[in-house]
file input16.cif (mmCIF, C-alpha atoms)
data_structure
#
loop_
_atom_site.label_atom_id
_atom_site.label_comp_id
_atom_site.auth_asym_id
_atom_site.auth_seq_id
_atom_site.Cartn_x
_atom_site.Cartn_y
_atom_site.Cartn_z
CA MET K 734 -9.68 6.36 -5.53
CA PRO K 735 -11.30 9.78 -5.90
CA SER K 736 -9.81 12.93 -7.39
CA ALA K 737 -8.14 15.53 -5.19
CA ALA K 738 -11.10 17.81 -5.96
CA PHE K 739 -13.64 15.26 -4.69
CA THR K 740 -11.48 14.45 -1.67
CA ASP K 741 -11.48 18.16 -0.89
CA TRP K 742 -15.25 18.26 -1.39
CA GLN K 743 -15.64 15.51 1.21
CA ASN K 744 -12.92 16.50 3.68
CA ASP K 745 -12.88 20.29 3.61
CA ARG K 746 -15.85 21.76 1.80
CA ALA K 747 -18.27 19.39 3.61
CA LEU K 748 -16.92 20.45 7.00
CA ARG K 749 -17.33 24.11 6.14
CA LEU K 750 -20.88 23.52 4.93
CA ASN K 751 -21.60 21.54 8.10
CA GLU K 752 -20.77 24.65 10.10
CA VAL K 753 -23.14 26.77 8.03
CA GLU K 754 -25.87 24.13 8.26
CA ALA K 755 -25.45 23.90 12.02
CA HIS K 756 -25.77 27.66 12.25
CA CYS K 757 -29.02 27.50 10.27
CA ALA K 758 -30.34 24.83 12.65
CA THR K 759 -29.47 27.01 15.62
CA VAL K 760 -31.31 30.00 14.16
CA LEU K 761 -34.28 27.76 13.31
CA ALA K 762 -34.48 26.68 16.96
CA LEU K 763 -34.54 30.21 18.37
CA VAL K 764 -37.33 30.95 20.83
CA PRO K 765 -39.11 33.14 20.05
CA PRO K 766 -38.63 32.46 16.32
CA ASN K 767 -36.80 35.08 14.27
CA LEU K 768 -38.09 34.46 10.76
CA THR K 769 -36.27 37.39 9.20
CA PHE K 770 -32.92 36.23 10.54
CA LEU K 771 -33.73 32.65 9.52
CA ASP K 772 -34.45 33.74 5.95
CA GLU K 773 -31.17 35.68 5.79
CA THR K 774 -29.28 32.71 7.26
CA LEU K 775 -30.76 30.25 4.77
CA ARG K 776 -29.92 32.60 1.91
CA GLY K 777 -26.35 32.58 3.19
CA PHE K 778 -26.38 28.78 3.20
CA VAL K 779 -27.57 28.80 -0.42
CA LEU K 780 -24.74 31.13 -1.44
CA HIS K 781 -22.13 29.03 0.38
CA LEU K 782 -23.44 25.79 -1.10
CA SER K 783 -23.48 27.10 -4.65
CA ALA K 784 -19.99 28.60 -4.21
CA HIS K 785 -18.52 25.38 -2.87
CA PHE K 786 -20.10 23.31 -5.62
CA GLN K 787 -18.71 25.76 -8.18
CA GLY K 788 -15.31 25.50 -6.50
CA PHE K 789 -15.45 21.71 -6.66
CA CYS K 790 -16.37 21.77 -10.35
CA ARG K 791 -13.57 24.22 -11.15
CA ASP K 792 -11.04 22.19 -9.17
CA LEU K 793 -12.08 18.96 -10.87
CA TYR K 794 -11.90 20.61 -14.28
CA THR K 795 -8.39 21.88 -13.53
CA GLU K 796 -7.32 18.48 -12.21
CA CYS K 797 -8.67 16.75 -15.32
CA SER K 798 -7.07 19.21 -17.70
CA GLN K 799 -3.68 18.89 -16.00
CA ALA K 800 -3.95 15.08 -16.11
CA TRP K 801 -4.72 15.29 -19.82
CA VAL K 802 -1.93 17.76 -20.52
CA ILE K 803 0.80 15.71 -18.85
CA ALA K 804 0.20 12.99 -21.45
CA ILE K 805 1.33 15.17 -24.39
CA PRO K 806 4.85 16.42 -25.28
CA ALA K 807 6.17 19.26 -23.10
CA GLY K 808 6.36 21.66 -26.04
CA PHE K 809 2.64 21.33 -26.66
CA GLN K 810 1.55 21.62 -23.05
CA PRO K 811 1.29 25.42 -22.63
CA THR K 812 -0.77 25.63 -25.82
CA ALA K 813 -3.18 22.99 -24.60
CA GLN K 814 -3.33 24.58 -21.16
CA ALA K 815 -4.15 27.94 -22.71
CA GLN K 816 -7.05 26.33 -24.57
CA PHE K 817 -8.30 24.57 -21.47
CA SER K 818 -8.09 27.85 -19.49
CA ALA K 819 -9.79 30.09 -22.04
CA ARG K 820 -13.35 31.36 -21.60
CA LEU K 821 -14.45 28.89 -18.96
CA GLU K 822 -18.13 29.11 -18.13
CA LEU K 823 -17.46 28.04 -14.55
CA GLU K 824 -14.98 30.88 -14.13
CA LYS K 825 -17.72 33.46 -13.93
CA GLY K 826 -21.05 31.72 -14.43
CA ASN K 827 -23.14 29.75 -11.97
CA PRO K 828 -22.40 26.05 -11.58
CA ASN K 829 -25.56 25.13 -13.45
CA TYR K 830 -25.87 22.03 -15.59
CA ASN K 831 -25.40 23.84 -18.90
CA ASN K 832 -22.21 25.57 -17.76
CA ILE K 833 -20.81 22.34 -16.33
CA LYS K 834 -21.54 20.56 -19.60
CA ARG K 835 -20.00 23.30 -21.73
CA ASP K 836 -16.72 23.16 -19.82
CA PHE K 837 -16.38 19.41 -19.38
CA ASN K 838 -17.42 18.68 -22.97
CA ARG K 839 -14.04 20.14 -23.95
CA PHE K 840 -12.58 16.74 -23.13
CA GLY K 841 -14.16 15.30 -26.26
CA PHE K 842 -17.33 13.66 -25.03
CA LEU K 843 -20.87 14.74 -24.18
CA LEU K 844 -21.35 14.92 -20.44
CA ASP K 845 -24.67 13.44 -19.34
CA LEU K 846 -25.62 13.72 -15.70
CA HIS K 847 -29.29 14.07 -16.49
CA THR K 848 -30.08 10.50 -17.54
CA ALA K 849 -28.94 8.99 -14.26
CA HIS K 850 -29.61 11.93 -11.97
CA ALA K 851 -32.55 13.96 -13.28
CA PRO K 852 -33.95 14.84 -9.82
CA HIS K 853 -30.51 15.98 -8.65
CA VAL K 854 -29.99 18.09 -11.76
CA THR K 855 -33.38 19.69 -11.06
CA HIS K 856 -32.24 20.43 -7.50
CA LEU K 857 -29.06 22.02 -8.84
CA ASP K 858 -31.14 24.26 -11.10
CA GLN K 859 -33.34 25.28 -8.17
CA LEU K 860 -30.27 25.96 -6.02
CA ASN K 861 -28.77 28.24 -8.65
CA GLN K 862 -32.03 30.10 -9.20
CA TRP K 863 -32.22 30.79 -5.49
CA ARG K 864 -28.51 31.62 -5.44
CA ASN K 865 -29.09 34.36 -8.01
CA LYS K 866 -32.20 35.60 -6.26
CA ALA K 867 -30.30 35.87 -2.97
CA ALA K 868 -27.13 37.38 -4.46
CA HIS K 869 -29.00 40.02 -6.47
CA GLN K 870 -31.86 40.64 -4.04
CA GLY K 871 -34.34 39.48 -6.67
CA THR K 872 -37.98 40.15 -6.00
CA LYS K 873 -39.55 38.26 -8.90
CA PRO K 874 -41.20 34.92 -8.02
CA LEU K 875 -39.11 32.04 -9.35
CA GLY K 876 -41.91 29.73 -10.48
CA GLY K 877 -41.29 26.56 -12.45
CA GLY K 878 -41.46 24.30 -9.43
CA VAL K 879 -38.77 26.18 -7.51
CA PRO K 880 -39.69 26.41 -3.82
CA ALA K 881 -41.16 29.83 -3.12
CA VAL K 882 -39.80 29.90 0.42
CA LEU K 883 -36.46 28.65 1.67
CA THR K 884 -36.54 26.07 4.43
CA LEU K 885 -33.71 24.12 5.97
CA PRO K 886 -34.93 20.75 4.60
CA VAL K 887 -35.10 22.25 1.11
CA VAL K 888 -31.49 23.47 1.23
CA GLN K 889 -30.38 20.21 2.84
CA GLY K 890 -31.94 18.37 -0.10
CA TRP K 891 -30.08 20.56 -2.56
CA ARG K 892 -26.87 19.90 -0.66
CA ALA K 893 -27.40 16.14 -0.82
CA SER K 894 -27.99 16.42 -4.56
CA CYS K 895 -24.77 18.40 -5.00
CA GLY K 896 -22.96 15.55 -3.26
CA VAL K 897 -24.48 12.97 -5.58
CA LEU K 898 -23.59 15.03 -8.66
CA ALA K 899 -20.05 15.66 -7.41
CA ASN K 900 -19.51 11.96 -6.86
CA SER K 901 -20.94 11.14 -10.27
CA LEU K 902 -18.91 13.79 -12.08
CA ASP K 903 -15.76 12.54 -10.39
CA GLY K 904 -16.47 8.99 -11.56
CA ILE K 905 -17.43 10.02 -15.08
CA MET K 906 -14.26 12.07 -15.55
CA ARG K 907 -12.07 9.30 -14.19
CA GLY K 908 -13.65 6.90 -16.69
CA GLU K 909 -13.39 9.30 -19.62
CA LEU K 910 -9.75 10.17 -18.94
CA LEU K 911 -8.94 6.48 -18.53
CA ARG K 912 -10.54 5.86 -21.92
CA ILE K 913 -8.67 8.77 -23.53
CA MET K 914 -5.23 8.24 -21.97
CA GLY K 915 -5.21 4.53 -21.22
CA THR K 916 -4.21 5.16 -17.63
CA ALA K 917 -6.18 6.27 -14.59
CA PRO K 918 -5.78 10.03 -14.03
CA TRP K 919 -5.73 9.66 -10.23
CA MET E 478 15.74 26.89 -12.38
CA THR E 479 12.20 25.61 -12.12
CA THR E 480 10.30 25.71 -8.86
CA GLU E 481 9.38 22.02 -8.46
CA ASN E 482 9.49 20.76 -4.87
CA SER E 483 9.74 24.22 -3.30
CA ALA E 484 8.75 24.22 0.35
CA GLU E 485 6.00 26.80 -0.01
CA PRO E 486 3.74 27.69 -2.93
CA LEU E 487 4.78 30.71 -4.94
CA LYS E 488 3.25 33.96 -3.80
CA VAL E 489 0.70 35.92 -5.77
CA GLY E 490 2.51 38.52 -7.86
CA THR E 491 5.72 36.51 -8.31
CA ALA E 492 7.23 37.11 -11.76
CA VAL E 493 7.62 33.89 -13.73
CA LYS E 494 8.15 32.53 -17.19
CA ILE E 495 6.24 29.50 -18.49
CA LEU E 496 8.78 27.07 -19.87
CA ASN E 497 8.34 25.78 -23.44
CA SER E 498 5.95 28.61 -24.22
CA GLY E 499 5.98 31.78 -26.25
CA TYR E 500 4.79 33.84 -23.33
CA GLY E 501 7.15 36.41 -21.88
CA ALA E 502 7.23 37.50 -18.27
CA ALA E 503 4.05 36.60 -16.44
CA THR E 504 2.81 36.79 -12.87
CA ILE E 505 1.28 34.34 -10.43
CA ALA E 506 -2.39 35.29 -10.07
CA GLU E 507 -3.59 32.45 -7.83
CA TYR E 508 -2.39 29.25 -6.25
CA ARG E 509 -5.00 26.73 -7.35
CA GLY E 510 -3.86 23.90 -5.11
CA PRO E 511 -2.23 20.47 -5.48
CA LEU E 512 -4.36 19.65 -8.50
CA GLY E 513 -1.64 18.40 -10.85
CA PRO E 514 -0.71 14.76 -11.42
CA ARG E 515 0.54 13.18 -8.15
CA GLY E 516 -0.41 16.32 -6.28
CA VAL E 517 1.84 18.74 -8.13
CA ARG E 518 0.95 22.36 -7.40
CA VAL E 519 -1.01 24.23 -10.03
CA TYR E 520 -1.08 28.01 -10.49
CA ARG E 521 -3.25 30.42 -12.39
CA VAL E 522 -0.77 32.66 -14.20
CA ARG E 523 -1.54 36.03 -15.74
CA VAL E 524 0.19 36.07 -19.13
CA GLN E 525 -1.26 39.27 -20.56
CA ASP E 526 -2.64 42.54 -19.23
CA LYS E 527 -3.92 44.33 -22.33
CA PRO E 528 -6.27 44.65 -24.11
CA ARG E 529 -7.74 42.36 -21.46
CA PRO E 530 -6.17 40.05 -18.90
CA ALA E 531 -5.45 36.49 -20.02
CA TYR E 532 -4.74 33.58 -17.74
CA ILE E 533 -3.42 30.05 -18.04
CA GLU E 534 -3.26 27.27 -15.47
CA VAL E 535 0.07 25.45 -15.33
CA ARG E 536 2.02 23.10 -13.10
CA GLU E 537 4.75 24.38 -10.82
CA ASP E 538 7.47 22.46 -12.65
CA GLN E 539 6.62 24.43 -15.80
CA LEU E 540 7.50 27.73 -14.14
CA GLN E 541 10.78 29.59 -13.97
CA VAL E 542 10.88 32.26 -11.30
CA LEU E 543 12.34 35.52 -12.54
CA ASP E 544 14.51 37.91 -10.56
CA ASP E 545 13.25 40.79 -12.56
CA ALA E 546 10.35 40.50 -14.96
CA ARG E 547 11.81 43.24 -17.14
CA ASP E 548 14.90 41.33 -18.27
CA LEU E 549 13.64 37.77 -17.78
CA ARG E 550 16.71 36.64 -15.86
CA PRO E 551 16.22 33.35 -13.99
CA THR E 552 16.97 33.16 -10.27
CA GLY E 553 19.28 30.16 -10.46
CA SER E 554 20.93 27.63 -12.76
#

call {"tool": "encode", "arguments": {"input": "input16.cif", "output": "structure tokens"}}
result
Amino acid sequence: MPSAAFTDWQNDRALRLNEVEAHCATVLALVPPNLTFLDETLRGFVLHLSAHFQGFCRDLYTECSQAWVIAIPAGFQPTAQAQFSARLELEKGNPNYNNIKRDFNRFGFLLDLHTAHAPHVTHLDQLNQWRNKAAHQGTKPLGGGVPAVLTLPVVQGWRASCGVLANSLDGIMRGELLRIMGTAPW
Amino acid sequence: MTTENSAEPLKVGTAVKILNSGYGAATIAEYRGPLGPRGVRVYRVRVQDKPRPAYIEVREDQLQVLDDARDLRPTGS
């Protein structure tokens, strides 16, 4: 059974991203081609994808923290919730691997998505670099293996990787909370 | 009276008190969704304005809706 956050990722966020992806495909098929509009549309897809992945991570973090908090006495709960809510990286920062780790490591373990999913973590890094370039109208070449030009297959690959990472993070957190609390959190 | 099982989520700006906490009057900043155990609603609550805003995420059953944030009177029994 998945978390509410992952269920939402699959049943709501995926549908919204499908709409954006379909729009990109429509623009890609325009005759004659409109490369400027296609570039703008793909940049929009990148921003939507990064935002939805960030939203998923934030929702999962909240769901995990509330599951953890319910296991302690009521008098302690607001204190613990204040600690869980304070200075979250995912509140303002990109959903990059370092920020995800910093927030989820608060549960008392070291999150490792890289060992099992190195290519997907690399995709997430590339997505966020392009997200920042698009959001801030960056002109500097990204380098470091990041695609120089956005194409629909590239963004589709990043989207697939976000799905893999979301599924993995959901499973990892379920396992960790089960270990900590002795009962499944969802 | 706490707000558990209300028909609709609390609106942004609603004055509340977080039960079992030392926080005074606070306000609903955001409805985060049914992210609590067994789908309980969770809210982001603004507990402080100055020197900088501070927020805490709590379950609906931890909130007491206030008639008037200035005197912290509850709305019901």

call {"tool": "residues_around", "arguments": {"input": "input16.cif", "residues": "region 498-503 of chain E", "least_positions_apart": "3", "cutoff": "6 Å", "atoms": "all atoms listed in the file", "output": "compact mmCIF listing (two decimals) with C-alpha atoms, keeping the file's coordinate frame"}}
result
# COMPACT_ATOMS: atom_id res chain seq x y z
CA PRO K 811 1.29 25.42 -22.63
CA ALA E 492 7.23 37.11 -11.76
CA VAL E 493 7.62 33.89 -13.73
CA LYS E 494 8.15 32.53 -17.19
CA ILE E 495 6.24 29.50 -18.49
CA ARG E 523 -1.54 36.03 -15.74
CA VAL E 524 0.19 36.07 -19.13
CA ALA E 546 10.35 40.50 -14.96

call {"tool": "axis_aligned_box", "arguments": {"input": "input16.cif", "around": "region 843-858 of chain K", "padding_each_side": "8 Å", "output": "JSON"}}
result
{"center_x": -27.4, "center_y": 16.6, "center_z": -15.8, "size_x": 29.1, "size_y": 31.3, "size_z": 32.7}

call {"tool": "closest_atom_pairs", "arguments": {"input": "input16.cif", "of": "chain K", "to": "chain E", "cutoff": "9 Å", "atoms": "only C-alpha atoms", "output": "tab-separated table"}}
result
residue	atom	partner	partner_atom	distance
K:Ser736	CA	E:Leu512	CA	8.7
K:Ala737	CA	E:Leu512	CA	6.5
K:Ala738	CA	E:Leu512	CA	7.4
K:Asp792	CA	E:Leu512	CA	7.2
K:Leu793	CA	E:Leu512	CA	8.1
K:Thr795	CA	E:Leu512	CA	6.8
K:Glu796	CA	E:Leu512	CA	4.9
K:Cys797	CA	E:Gly513	CA	8.5
K:Ser798	CA	E:Gly513	CA	8.8
K:Gln799	CA	E:Gly513	CA	5.6
K:Ala800	CA	E:Pro514	CA	5.7
K:Ile803	CA	E:Pro514	CA	7.6
K:Ala807	CA	E:Asn497	CA	6.9
K:Gly808	CA	E:Asn497	CA	5.3
K:Phe809	CA	E:Asn497	CA	7.9
K:Gln810	CA	E:Asn497	CA	8.0
K:Pro811	CA	E:Ser498	CA	5.9
K:Thr812	CA	E:Ser498	CA	7.5
K:Gln814	CA	E:Glu534	CA	6.3
K:Ala815	CA	E:Ile533	CA	5.2
K:Gln816	CA	E:Ile533	CA	8.3
K:Phe817	CA	E:Ile533	CA	8.1
K:Ser818	CA	E:Ile533	CA	5.4
K:Ala819	CA	E:Tyr532	CA	7.5
K:Pro918	CA	E:Pro514	CA	7.4
K:Trp919	CA	E:Pro514	CA	7.3

call {"tool": "resolve_selection", "arguments": {"input": "input16.cif", "expression": "the PyMOL selection byres ((chain K and resi 859) around 10)", "output": "list in words"}}
result
Asn829, His853, Val854, Thr855, His856, Leu857, Asp858, Leu860, Asn861, Gln862, Trp863, Arg864, Leu875, Gly876, Gly877, Gly878, Val879, Pro880, Val887, Val888 and Trp891 of chain K

call {"tool": "write_last_selection", "arguments": {"input": "input16.cif", "atoms": "C-alpha atoms", "output": "mmCIF file, in the coordinates of the input"}}
result
data_model
loop_
_atom_site.group_PDB
_atom_site.id
_atom_site.type_symbol
_atom_site.label_atom_id
_atom_site.label_comp_id
_atom_site.auth_asym_id
_atom_site.auth_seq_id
_atom_site.Cartn_x
_atom_site.Cartn_y
_atom_site.Cartn_z
ATOM 1 C CA ASN K 829 -25.560 25.130 -13.450
ATOM 2 C CA HIS K 853 -30.510 15.980 -8.650
ATOM 3 C CA VAL K 854 -29.990 18.090 -11.760
ATOM 4 C CA THR K 855 -33.380 19.690 -11.060
ATOM 5 C CA HIS K 856 -32.240 20.430 -7.500
ATOM 6 C CA LEU K 857 -29.060 22.020 -8.840
ATOM 7 C CA ASP K 858 -31.140 24.260 -11.100
ATOM 8 C CA LEU K 860 -30.270 25.960 -6.020
ATOM 9 C CA ASN K 861 -28.770 28.240 -8.650
ATOM 10 C CA GLN K 862 -32.030 30.100 -9.200
ATOM 11 C CA TRP K 863 -32.220 30.790 -5.490
ATOM 12 C CA ARG K 864 -28.510 31.620 -5.440
ATOM 13 C CA LEU K 875 -39.110 32.040 -9.350
ATOM 14 C CA GLY K 876 -41.910 29.730 -10.480
ATOM 15 C CA GLY K 877 -41.290 26.560 -12.450
ATOM 16 C CA GLY K 878 -41.460 24.300 -9.430
ATOM 17 C CA VAL K 879 -38.770 26.180 -7.510
ATOM 18 C CA PRO K 880 -39.690 26.410 -3.820
ATOM 19 C CA VAL K 887 -35.100 22.250 1.110
ATOM 20 C CA VAL K 888 -31.490 23.470 1.230
ATOM 21 C CA TRP K 891 -30.080 20.560 -2.560
#

call {"tool": "resolve_selection", "arguments": {"input": "input16.cif", "expression": "the PyMOL selection byres ((chain K and resi 823) around 7)", "output": "PDB file with C-alpha atoms, in the coordinates of the input"}}
result
ATOM      1  CA  GLN K 787     -18.710  25.760  -8.180  1.00  0.00           C
ATOM      2  CA  ARG K 791     -13.570  24.220 -11.150  1.00  0.00           C
ATOM      3  CA  LEU K 821     -14.450  28.890 -18.960  1.00  0.00           C
ATOM      4  CA  GLU K 822     -18.130  29.110 -18.130  1.00  0.00           C
ATOM      5  CA  GLU K 824     -14.980  30.880 -14.130  1.00  0.00           C
ATOM      6  CA  LYS K 825     -17.720  33.460 -13.930  1.00  0.00           C
ATOM      7  CA  GLY K 826     -21.050  31.720 -14.430  1.00  0.00           C
ATOM      8  CA  ASN K 827     -23.140  29.750 -11.970  1.00  0.00           C
ATOM      9  CA  PRO K 828     -22.400  26.050 -11.580  1.00  0.00           C
ATOM     10  CA  ASN K 832     -22.210  25.570 -17.760  1.00  0.00           C
ATOM     11  CA  ILE K 833     -20.810  22.340 -16.330  1.00  0.00           C
TER      12      ILE K 833
END

call {"tool": "atom_distance", "arguments": {"input": "input16.cif", "atom1": "CA of Val753 (chain K)", "atom2": "CA of Arg892 (chain K)"}}
result
11.7 Å

call {"tool": "atom_distance", "arguments": {"input": "input16.cif", "atom1": "CA of Val779 (chain K)", "atom2": "CA of Asn865 (chain K)"}}
result
9.5 Å

call {"tool": "residues_around", "arguments": {"input": "input16.cif", "residues": "Trp742 (chain K)", "least_positions_apart": "4", "cutoff": "10 Å", "atoms": "all atoms listed in the file", "output": "tab-separated table (two decimals) with C-alpha atoms, in the coordinates of the input"}}
result
chain	number	residue	atom	x	y	z
K	736	SER	CA	-9.81	12.93	-7.39
K	737	ALA	CA	-8.14	15.53	-5.19
K	738	ALA	CA	-11.10	17.81	-5.96
K	746	ARG	CA	-15.85	21.76	1.80
K	747	ALA	CA	-18.27	19.39	3.61
K	748	LEU	CA	-16.92	20.45	7.00
K	749	ARG	CA	-17.33	24.11	6.14
K	750	LEU	CA	-20.88	23.52	4.93
K	785	HIS	CA	-18.52	25.38	-2.87
K	786	PHE	CA	-20.10	23.31	-5.62
K	788	GLY	CA	-15.31	25.50	-6.50
K	789	PHE	CA	-15.45	21.71	-6.66
K	790	CYS	CA	-16.37	21.77	-10.35
K	792	ASP	CA	-11.04	22.19	-9.17
K	896	GLY	CA	-22.96	15.55	-3.26
K	899	ALA	CA	-20.05	15.66	-7.41
K	900	ASN	CA	-19.51	11.96	-6.86

call {"tool": "closest_residue", "arguments": {"input": "input16.cif", "among": "K:Met906, K:Thr872, K:His850, K:Arg820", "to": "Pro530 (chain E)", "atoms": "only C-alpha atoms"}}
result
K:Arg820

call {"tool": "atom_distance", "arguments": {"input": "input16.cif", "atom1": "CA of Leu543 (chain E)", "atom2": "CA of Glu507 (chain E)"}}
result
16.9 Å

call {"tool": "resolve_selection", "arguments": {"input": "input16.cif", "expression": "the PyMOL selection byres ((chain K and resi 844) around 10)", "output": "ChimeraX atom specification"}}
result
/K:830-831,833-843,845-847,902,905-906,909
